[in-house]
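Structure file run_22.csv (CSV, C-alpha atoms and all ligand atoms) follows.
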```
chain,number,residue,atom,x,y,z
A,1,MET,CA,-156.4,-5.9,-258.9
A,2,ARG,CA,-156.3,-6.6,-255.1
A,3,LEU,CA,-156.5,-10.1,-253.6
A,4,THR,CA,-159.4,-10.7,-251.1
A,5,PRO,CA,-158.8,-12.2,-247.7
A,6,GLN,CA,-160.4,-15.4,-249.0
A,7,GLN,CA,-158.0,-15.5,-252.0
A,8,LEU,CA,-155.0,-14.9,-249.7
A,9,GLU,CA,-156.2,-17.8,-247.4
A,10,ARG,CA,-156.7,-20.1,-250.4
A,11,PHE,CA,-153.3,-19.2,-251.8
A,12,ASP,CA,-151.6,-20.1,-248.5
A,13,ARG,CA,-153.4,-23.4,-248.4
A,14,GLU,CA,-153.2,-24.5,-252.1
A,15,GLY,CA,-150.2,-22.5,-253.4
A,16,TYR,CA,-152.0,-21.1,-256.5
A,17,LEU,CA,-154.9,-19.0,-257.6
A,18,PHE,CA,-156.8,-19.3,-260.9
A,19,PHE,CA,-158.5,-16.4,-262.6
A,20,PRO,CA,-160.5,-17.7,-265.7
A,21,GLY,CA,-160.9,-15.2,-268.5
A,22,LEU,CA,-159.2,-12.3,-266.7
A,23,PHE,CA,-157.9,-10.7,-270.0
A,24,SER,CA,-160.3,-9.9,-272.9
A,25,ALA,CA,-160.1,-11.4,-276.4
A,26,ASP,CA,-158.9,-7.9,-277.7
A,27,GLU,CA,-156.0,-7.8,-275.1
A,28,ILE,CA,-154.9,-11.4,-276.0
A,29,ARG,CA,-155.1,-10.7,-279.7
A,30,VAL,CA,-152.4,-8.0,-279.3
A,31,LEU,CA,-150.1,-10.5,-277.7
A,32,ASN,CA,-150.8,-13.4,-280.0
A,33,GLU,CA,-150.2,-11.3,-283.1
A,34,ALA,CA,-146.6,-10.7,-282.0
A,35,VAL,CA,-145.7,-14.4,-281.3
A,36,PRO,CA,-145.1,-15.9,-284.8
A,37,GLU,CA,-142.5,-13.3,-285.7
A,38,LEU,CA,-140.7,-13.8,-282.3
A,39,TYR,CA,-140.7,-17.6,-282.7
A,40,ALA,CA,-139.3,-17.3,-286.3
A,41,ARG,CA,-136.2,-15.6,-285.0
A,42,ARG,CA,-132.9,-17.6,-285.0
A,43,GLU,CA,-131.7,-16.3,-281.7
A,44,ALA,CA,-130.3,-18.0,-278.5
A,45,TYR,CA,-133.4,-16.8,-276.7
A,46,ASN,CA,-135.6,-19.2,-278.7
A,47,VAL,CA,-135.1,-22.7,-277.3
A,48,ARG,CA,-136.6,-25.3,-279.6
A,49,GLU,CA,-138.0,-28.7,-278.7
A,50,LYS,CA,-135.6,-31.6,-278.9
A,51,GLY,CA,-135.2,-32.7,-282.5
A,52,SER,CA,-137.9,-30.3,-283.7
A,53,GLU,CA,-138.2,-26.7,-285.1
A,54,ALA,CA,-141.1,-25.9,-282.7
A,55,VAL,CA,-140.2,-23.3,-280.1
A,56,ARG,CA,-140.5,-24.6,-276.6
A,57,THR,CA,-139.6,-21.3,-274.9
A,58,ASN,CA,-139.0,-17.8,-276.0
A,59,PHE,CA,-137.1,-15.9,-273.3
A,60,ALA,CA,-137.0,-12.2,-272.5
A,61,ALA,CA,-139.5,-10.8,-275.1
A,62,HIS,CA,-140.3,-8.0,-272.7
A,63,LEU,CA,-136.9,-6.5,-273.5
A,64,TYR,CA,-137.4,-6.4,-277.3
A,65,CYS,CA,-141.1,-6.7,-278.2
A,66,GLU,CA,-143.5,-3.9,-277.3
A,67,PRO,CA,-146.7,-5.8,-276.5
A,68,PHE,CA,-144.8,-8.1,-274.1
A,69,ALA,CA,-142.9,-5.1,-272.6
A,70,ARG,CA,-146.3,-3.7,-271.7
A,71,LEU,CA,-147.6,-7.1,-270.4
A,72,ALA,CA,-144.5,-7.2,-268.1
A,73,ARG,CA,-145.8,-4.0,-266.4
A,74,HIS,CA,-149.5,-5.0,-266.3
A,75,PRO,CA,-151.1,-4.2,-263.0
A,76,ARG,CA,-153.4,-7.3,-263.2
A,77,MET,CA,-150.3,-9.5,-263.3
A,78,VAL,CA,-147.8,-7.6,-261.1
A,79,ARG,CA,-149.9,-5.9,-258.3
A,80,PRO,CA,-151.2,-9.1,-256.6
A,81,VAL,CA,-147.6,-10.3,-256.2
A,82,MET,CA,-146.6,-6.9,-254.9
A,83,ASP,CA,-149.4,-7.2,-252.3
A,84,LEU,CA,-148.4,-10.7,-251.3
A,85,PHE,CA,-144.7,-9.8,-250.8
A,86,GLY,CA,-145.3,-6.2,-249.6
A,87,GLU,CA,-142.2,-5.2,-251.6
A,88,ALA,CA,-141.2,-3.9,-255.0
A,89,LEU,CA,-140.5,-6.6,-257.6
A,90,TYR,CA,-138.1,-7.1,-260.5
A,91,MET,CA,-138.4,-9.5,-263.5
A,92,HIS,CA,-136.4,-12.6,-262.8
A,93,GLN,CA,-137.5,-14.5,-265.9
A,94,PHE,CA,-139.9,-13.8,-268.7
A,95,LYS,CA,-141.0,-16.6,-271.1
A,96,ILE,CA,-143.5,-17.4,-273.8
A,97,ASN,CA,-143.9,-21.2,-273.7
A,98,GLY,CA,-145.1,-22.7,-277.0
A,99,LYS,CA,-146.3,-26.2,-276.2
A,100,MET,CA,-147.2,-26.3,-279.9
A,101,ALA,CA,-149.8,-28.7,-281.4
A,102,PHE,CA,-148.3,-32.2,-281.8
A,103,GLU,CA,-144.8,-31.0,-280.9
A,104,GLY,CA,-144.9,-29.6,-277.4
A,105,ASP,CA,-142.9,-31.8,-275.1
A,106,VAL,CA,-143.3,-32.5,-271.4
A,107,TRP,CA,-142.2,-30.4,-268.4
A,108,GLN,CA,-141.1,-32.9,-265.7
A,109,TRP,CA,-142.3,-32.5,-262.1
A,110,HIS,CA,-140.4,-29.6,-260.6
A,111,GLN,CA,-140.4,-26.6,-258.3
A,112,ASP,CA,-139.2,-23.3,-260.0
A,113,TYR,CA,-137.5,-22.2,-256.8
A,114,GLY,CA,-135.4,-25.4,-257.0
A,115,THR,CA,-133.8,-24.1,-260.2
A,116,TRP,CA,-133.6,-20.5,-259.0
A,117,LEU,CA,-131.8,-21.6,-255.9
A,118,ASN,CA,-129.5,-24.2,-257.4
A,119,ASP,CA,-128.6,-22.3,-260.5
A,120,ASP,CA,-129.1,-18.6,-259.7
A,121,MET,CA,-128.5,-18.5,-255.9
A,122,MET,CA,-131.8,-16.8,-255.2
A,123,PRO,CA,-131.7,-16.5,-251.4
A,124,THR,CA,-135.3,-17.3,-250.5
A,125,GLU,CA,-138.6,-18.4,-252.1
A,126,ARG,CA,-139.9,-14.7,-252.3
A,127,ALA,CA,-140.5,-15.0,-256.0
A,128,MET,CA,-143.7,-16.0,-257.8
A,129,ASN,CA,-144.9,-17.1,-261.2
A,130,VAL,CA,-147.8,-15.5,-262.9
A,131,ALA,CA,-149.0,-17.3,-266.1
A,132,ILE,CA,-151.4,-16.0,-268.7
A,133,PHE,CA,-153.0,-18.3,-271.4
A,134,LEU,CA,-152.7,-17.0,-275.0
A,135,ASP,CA,-154.7,-20.0,-276.2
A,136,ASP,CA,-157.6,-21.9,-274.7
A,137,VAL,CA,-156.3,-24.6,-272.4
A,138,ASN,CA,-158.1,-27.9,-272.2
A,139,GLU,CA,-157.4,-31.4,-271.0
A,140,PHE,CA,-155.8,-32.4,-274.3
A,141,ASN,CA,-153.2,-29.7,-275.0
A,142,GLY,CA,-150.9,-30.2,-272.0
A,143,PRO,CA,-152.4,-28.1,-269.2
A,144,LEU,CA,-150.1,-27.1,-266.3
A,145,MET,CA,-150.6,-29.6,-263.4
A,146,PHE,CA,-150.2,-28.7,-259.8
A,147,ILE,CA,-150.0,-30.7,-256.5
A,148,PRO,CA,-152.0,-28.5,-254.2
A,149,GLY,CA,-150.3,-27.6,-251.0
A,150,SER,CA,-146.9,-29.0,-252.1
A,151,HIS,CA,-145.4,-25.5,-251.7
A,152,GLN,CA,-145.7,-26.0,-247.9
A,153,ARG,CA,-142.8,-28.5,-248.1
A,154,GLY,CA,-140.4,-25.7,-249.0
A,155,VAL,CA,-137.4,-26.7,-251.1
A,156,ILE,CA,-137.5,-30.4,-252.1
A,157,ASP,CA,-134.5,-32.5,-253.2
A,158,ALA,CA,-134.2,-32.4,-256.9
A,159,SER,CA,-131.9,-33.8,-259.6
A,160,HIS,CA,-130.6,-32.0,-262.6
A,161,ASP,CA,-132.2,-33.4,-265.7
A,162,LEU,CA,-130.1,-32.5,-268.7
A,163,SER,CA,-131.4,-35.0,-271.2
A,164,THR,CA,-135.2,-35.6,-271.2
A,165,THR,CA,-136.1,-32.4,-273.0
A,166,SER,CA,-134.1,-29.6,-274.7
A,167,TYR,CA,-134.2,-27.5,-271.5
A,168,PRO,CA,-132.3,-28.5,-268.3
A,169,LEU,CA,-134.4,-28.6,-265.2
A,170,TRP,CA,-134.0,-29.5,-261.5
A,171,VAL,CA,-136.7,-32.3,-261.3
A,172,VAL,CA,-138.4,-34.0,-258.3
A,173,ASP,CA,-138.1,-37.8,-258.0
A,174,PRO,CA,-141.2,-39.8,-258.9
A,175,GLY,CA,-141.3,-41.5,-255.5
A,176,LEU,CA,-141.6,-38.2,-253.8
A,177,VAL,CA,-144.1,-36.9,-256.3
A,178,SER,CA,-146.3,-40.0,-255.5
A,179,LYS,CA,-146.1,-39.2,-251.8
A,180,LEU,CA,-147.0,-35.6,-252.3
A,181,VAL,CA,-150.0,-36.4,-254.5
A,182,GLU,CA,-151.2,-38.9,-252.0
A,183,ARG,CA,-150.9,-36.4,-249.2
A,184,ALA,CA,-152.8,-33.8,-251.3
A,185,GLY,CA,-155.8,-36.2,-251.7
A,186,GLY,CA,-154.6,-38.8,-254.1
A,187,LYS,CA,-157.2,-39.4,-256.8
A,188,ASP,CA,-159.4,-36.9,-255.1
A,189,GLY,CA,-157.7,-33.6,-255.9
A,190,GLY,CA,-154.0,-34.6,-255.4
A,191,ILE,CA,-153.3,-33.3,-258.9
A,192,VAL,CA,-155.2,-30.3,-260.4
A,193,ALA,CA,-154.9,-28.8,-263.9
A,194,PRO,CA,-156.6,-25.3,-264.2
A,195,LYS,CA,-158.2,-25.1,-267.7
A,196,GLY,CA,-160.0,-22.2,-269.3
A,197,PRO,CA,-160.2,-19.7,-272.2
A,198,ALA,CA,-157.3,-17.7,-273.6
A,199,GLY,CA,-156.9,-14.7,-271.2
A,200,SER,CA,-157.0,-16.8,-268.0
A,201,MET,CA,-154.3,-16.2,-265.4
A,202,ILE,CA,-152.7,-18.4,-262.8
A,203,LEU,CA,-150.6,-17.2,-260.0
A,204,PHE,CA,-148.5,-19.9,-258.3
A,205,HIS,CA,-146.0,-20.2,-255.5
A,206,SER,CA,-142.3,-20.8,-256.5
A,207,CYS,CA,-142.2,-24.0,-254.4
A,208,LEU,CA,-145.4,-25.4,-255.8
A,209,VAL,CA,-144.6,-28.8,-257.5
A,210,HIS,CA,-145.9,-28.7,-261.1
A,211,ALA,CA,-145.5,-30.3,-264.5
A,212,SER,CA,-147.2,-30.7,-267.9
A,213,THR,CA,-147.6,-33.5,-270.3
A,214,SER,CA,-146.8,-33.3,-274.1
A,215,ASN,CA,-149.3,-31.8,-276.5
A,216,LEU,CA,-150.6,-34.5,-278.8
A,217,SER,CA,-153.6,-32.4,-279.7
A,218,PRO,CA,-154.0,-30.2,-282.8
A,219,TRP,CA,-154.2,-27.1,-280.6
A,220,ASN,CA,-151.3,-24.9,-279.6
A,221,ARG,CA,-151.0,-24.1,-275.9
A,222,VAL,CA,-149.0,-20.8,-275.9
A,223,SER,CA,-148.7,-19.3,-272.4
A,224,VAL,CA,-146.6,-16.4,-271.0
A,225,TYR,CA,-144.9,-16.7,-267.6
A,226,LEU,CA,-143.7,-13.7,-265.6
A,227,SER,CA,-141.4,-14.8,-262.8
A,228,LEU,CA,-141.5,-11.9,-260.4
A,229,CYS,CA,-138.9,-11.7,-257.6
A,230,ALA,CA,-138.9,-9.4,-254.5
A,231,VAL,CA,-136.1,-6.9,-255.2
A,232,SER,CA,-134.3,-7.7,-251.9
A,233,ASN,CA,-134.3,-11.4,-252.9
A,234,HIS,CA,-132.4,-10.8,-256.2
A,235,ILE,CA,-130.2,-13.6,-257.5
A,236,ARG,CA,-126.6,-13.8,-256.3
A,237,ARG,CA,-125.0,-15.6,-259.2
A,238,PHE,CA,-125.0,-15.2,-263.0
A,239,LYS,CA,-124.4,-18.9,-263.9
A,240,ARG,CA,-127.1,-18.8,-266.6
A,241,PRO,CA,-127.3,-16.4,-269.5
A,242,GLU,CA,-129.0,-13.1,-268.9
A,243,TYR,CA,-131.9,-13.9,-271.3
A,244,ILE,CA,-132.9,-16.7,-268.9
A,245,ALA,CA,-132.1,-15.2,-265.5
A,246,HIS,CA,-132.2,-11.4,-265.5
A,247,ARG,CA,-129.5,-9.2,-263.9
A,248,ASP,CA,-131.4,-5.9,-263.8
A,249,PHE,CA,-133.0,-5.6,-260.4
A,250,THR,CA,-134.8,-2.3,-261.1
A,251,PRO,CA,-138.3,-2.3,-259.6
A,252,ILE,CA,-141.1,-2.8,-262.1
A,253,GLU,CA,-143.4,0.2,-262.5
A,254,CYS,CA,-146.9,-0.7,-263.5
A,255,LEU,CA,-148.7,0.9,-266.4
A,256,PRO,CA,-152.4,1.7,-266.4
A,257,ASP,CA,-154.8,-1.3,-266.6
A,258,ASP,CA,-155.5,-0.6,-270.4
A,259,CYS,CA,-151.9,-0.9,-271.3
A,260,LEU,CA,-152.4,-3.7,-273.8
A,261,LEU,CA,-154.8,-1.6,-275.8
A,262,LYS,CA,-153.1,1.8,-275.7
A,263,PRO,CA,-149.5,2.4,-276.9
A,264,TYR,CA,-148.0,3.6,-273.6
A,265,PRO,CA,-144.2,4.1,-274.2
A,266,VAL,CA,-141.9,1.4,-272.9
A,267,ASP,CA,-138.2,0.8,-272.9
A,268,LEU,CA,-137.0,-1.9,-275.3
A,269,PRO,CA,-133.3,-2.2,-274.4
A,270,TRP,CA,-132.6,-5.3,-276.6
A,271,LYS,CA,-134.6,-4.1,-279.6
A,272,ALA,CA,-131.5,-3.8,-281.8
A,273,GLY,CA,-130.2,-7.1,-280.5
A,274,MET,CA,-129.1,-8.9,-277.3
A,275,PRO,CA,-125.9,-7.5,-275.9
A,276,ALA,CA,-122.9,-9.9,-276.0
A,277,SER,CA,-122.7,-9.5,-272.2
A,278,ALA,CA,-126.0,-11.4,-271.8
A,279,LEU,CA,-124.2,-14.6,-272.8
A,280,VAL,CA,-121.3,-14.2,-270.4
A,281,THR,CA,-121.8,-16.4,-267.4
A,282,SER,CA,-119.9,-17.3,-264.2
A,283,PRO,CA,-120.1,-20.1,-261.6
A,284,GLU,CA,-118.9,-17.6,-259.0
A,285,PRO,CA,-121.3,-15.6,-256.8
A,286,ILE,CA,-121.6,-11.9,-257.7
A,287,ASP,CA,-119.9,-10.6,-254.6
A,288,ALA,CA,-116.9,-12.8,-255.3
A,289,ILE,CA,-116.7,-11.3,-258.8
A,290,GLN,CA,-117.1,-7.8,-257.5
A,291,GLN,CA,-114.4,-8.3,-254.8
A,292,ALA,CA,-112.0,-9.7,-257.4
A,293,ALA,CA,-112.6,-6.7,-259.8
B,301,LIG,C1,-142.7,-24.3,-266.4
B,301,LIG,O1,-142.9,-25.1,-265.5
B,301,LIG,O2,-141.9,-23.4,-266.3
B,301,LIG,C2,-143.5,-24.4,-267.7
B,301,LIG,C3,-144.5,-25.5,-267.8
B,301,LIG,C4,-145.4,-25.4,-268.9
B,301,LIG,O3,-145.4,-24.4,-269.6
B,301,LIG,O4,-146.1,-26.3,-269.1
B,302,MN,MN,-141.9,-24.3,-263.8
```
Mind converting the file's structure to structure tokens?
Amino acid sequence: MRLTPQQLERFDREGYLFFPGLFSADEIRVLNEAVPELYARREAYNVREKGSEAVRTNFAAHLYCEPFARLARHPRMVRPVMDLFGEALYMHQFKINGKMAFEGDVWQWHQDYGTWLNDDMMPTERAMNVAIFLDDVNEFNGPLMFIPGSHQRGVIDASHDLSTTSYPLWVVDPGLVSKLVERAGGKDGGIVAPKGPAGSMILFHSCLVHASTSNLSPWNRVSVYLSLCAVSNHIRRFKRPEYIAHRDFTPIECLPDDCLLKPYPVDLPWKAGMPASALVTSPEPIDAIQQAA
């Protein structure tokens, strides 16, 4: 899939692109069928909601689950970002967010690049999120909300929230969020929430300010996020476990477009279990570790 000049212009202006119903029901079924077994696993890579058994985020399934390993190489998700950056990409982060019915908690207002810079020392914002809905997303089940154009501000001051939810996040202060929303049009388009059927895809800039509310509806809102980073922009610090911030900077090679429906072979390096090294972290930059070795 190639982006048109109109889509490129829109992406520059608004910081996101929405593709309703891009994947078919058959393609989505293959992914959905794999989720319950992944969420049932008692592993570090399943982060549960605060005070609940519901999975908030499953990390790194592309390393141990075949359908998601194929999704991680899907040309409809990966090629547009390759075109935007004009460079090979590696997988910085891969997550299946639950936002389960009645249980899914909020994601505070944040920029992803804020976390990637502060925690992982990613040099620039040349990384992008591509999300795909595994459930229908409506106004009730906690759709992702964006402040259009907020990516143009670059990196915004953020504070590290370690307590609101079960997952630490660098969050944007409410006063600044109010100003950004006002600048984006206030009540007239200052916040948007793309909604659509399972199989819809969103591509959004790593500096776009976004959030989602809790899910008080009876409908799950499972979505998959690929965070794709230009290879030259790889992270410089392994402060977070490898299942959250990947350390393999090998360029992604796309599979054919029908890869969710045909069993193309894929590597599953963590199929037999996550290596102990994935839990080893360091506050030092990688080059400092390499020099000391
Ligand atoms: C995220 O911002 O990384 C996830 C937000 C969501 O799934 O609602
Ligand atoms: Mn985010």
Which of A:Met145, A:Met100, A:Cys207, A:Met274 sits closest to Glu53 in chain A [using only C-alpha atoms]: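 Closest candidate: A:Met100.
Shortest atom-to-atom contact with Leu260 in chain A among A:Leu3, A:Ile28, A:Val209, A:Leu8: A:Ile28, counting only C-alpha atoms.
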Protein and nucleic residues near ligand LIG 301 (chain B), 7 Å, all atoms listed in the file, as a PDB file with C-alpha atoms, keeping the file's coordinate frame:
```pdb
ATOM      1  CA  ASN A  97    -143.900 -21.200-273.700  1.00  0.00           C
ATOM      2  CA  LYS A  99    -146.300 -26.200-276.200  1.00  0.00           C
ATOM      3  CA  TRP A 107    -142.200 -30.400-268.400  1.00  0.00           C
ATOM      4  CA  ASP A 112    -139.200 -23.300-260.000  1.00  0.00           C
ATOM      5  CA  GLY A 142    -150.900 -30.200-272.000  1.00  0.00           C
ATOM      6  CA  PRO A 143    -152.400 -28.100-269.200  1.00  0.00           C
ATOM      7  CA  LEU A 144    -150.100 -27.100-266.300  1.00  0.00           C
ATOM      8  CA  HIS A 210    -145.900 -28.700-261.100  1.00  0.00           C
ATOM      9  CA  ALA A 211    -145.500 -30.300-264.500  1.00  0.00           C
ATOM     10  CA  SER A 212    -147.200 -30.700-267.900  1.00  0.00           C
ATOM     11  CA  SER A 223    -148.700 -19.300-272.400  1.00  0.00           C
TER      12      SER A 223
END
```
Find the nearest atom pair between each residue of chain A and ligand MN 302 (chain B) for residues within 12 Å, count only C-alpha atoms and all ligand atoms, give distances in Å to one decimal, sort rows by chain and ascending number, and present the table as a Markdown table.
```
| residue | atom | partner | partner_atom | distance |
| --- | --- | --- | --- | --- |
| A:Thr57 | CA | B:MN302 | MN | 11.7 |
| A:Gln93 | CA | B:MN302 | MN | 10.9 |
| A:Phe94 | CA | B:MN302 | MN | 11.8 |
| A:Lys95 | CA | B:MN302 | MN | 10.6 |
| A:Asn97 | CA | B:MN302 | MN | 10.6 |
| A:Val106 | CA | B:MN302 | MN | 11.3 |
| A:Trp107 | CA | B:MN302 | MN | 7.6 |
| A:Gln108 | CA | B:MN302 | MN | 8.8 |
| A:Trp109 | CA | B:MN302 | MN | 8.4 |
| A:His110 | CA | B:MN302 | MN | 6.4 |
| A:Gln111 | CA | B:MN302 | MN | 6.1 |
| A:Asp112 | CA | B:MN302 | MN | 4.8 |
| A:Tyr113 | CA | B:MN302 | MN | 8.5 |
| A:Gly114 | CA | B:MN302 | MN | 9.5 |
| A:Thr115 | CA | B:MN302 | MN | 8.9 |
| A:Trp116 | CA | B:MN302 | MN | 10.3 |
| A:Met128 | CA | B:MN302 | MN | 10.4 |
| A:Asn129 | CA | B:MN302 | MN | 8.2 |
| A:Val130 | CA | B:MN302 | MN | 10.6 |
| A:Ala131 | CA | B:MN302 | MN | 10.2 |
| A:Leu144 | CA | B:MN302 | MN | 9.0 |
| A:Met145 | CA | B:MN302 | MN | 10.2 |
| A:Phe146 | CA | B:MN302 | MN | 10.2 |
| A:Tyr167 | CA | B:MN302 | MN | 11.3 |
| A:Pro168 | CA | B:MN302 | MN | 11.4 |
| A:Leu169 | CA | B:MN302 | MN | 8.8 |
| A:Trp170 | CA | B:MN302 | MN | 9.7 |
| A:Val171 | CA | B:MN302 | MN | 9.9 |
| A:Val172 | CA | B:MN302 | MN | 11.7 |
| A:Leu203 | CA | B:MN302 | MN | 11.9 |
| A:Phe204 | CA | B:MN302 | MN | 9.7 |
| A:His205 | CA | B:MN302 | MN | 10.1 |
| A:Ser206 | CA | B:MN302 | MN | 8.1 |
| A:Cys207 | CA | B:MN302 | MN | 9.4 |
| A:Leu208 | CA | B:MN302 | MN | 8.8 |
| A:Val209 | CA | B:MN302 | MN | 8.2 |
| A:His210 | CA | B:MN302 | MN | 6.5 |
| A:Ala211 | CA | B:MN302 | MN | 7.0 |
| A:Ser212 | CA | B:MN302 | MN | 9.3 |
| A:Val224 | CA | B:MN302 | MN | 11.7 |
| A:Tyr225 | CA | B:MN302 | MN | 9.0 |
| A:Leu226 | CA | B:MN302 | MN | 10.9 |
| A:Ser227 | CA | B:MN302 | MN | 9.6 |
```
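Here CA of Ala101 in chain A stands at a distance of 5.6 Å from CA of Ser217 in chain A.
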Would you list the residues near (-148.8, -30.1, -284.5), meaning any protein, DNA or RNA residue with an atom at most 12 Å from that point in file coordinates, counting all atoms listed in the file, as JSON, numbers by chain? {"A": [52, 53, 54, 55, 98, 99, 100, 101, 102, 103, 104, 105, 141, 214, 215, 216, 217, 218, 219, 220, 221]}
Residues near Leu84 in chain A, anyone? I mean within 12 Å using all atoms listed in the file, not counting same-chain ones fewer than 4 positions away, as a list in words. Arg2, Leu3, Thr4, Pro5, Gln7, Leu8, Glu9, Phe11, Asp12, Val78, Arg79, Pro80, Ala88, Leu89, Arg126, Ala127, Met128, Leu203, Phe204, His205, Leu228, Cys229 and Ala230 of chain A
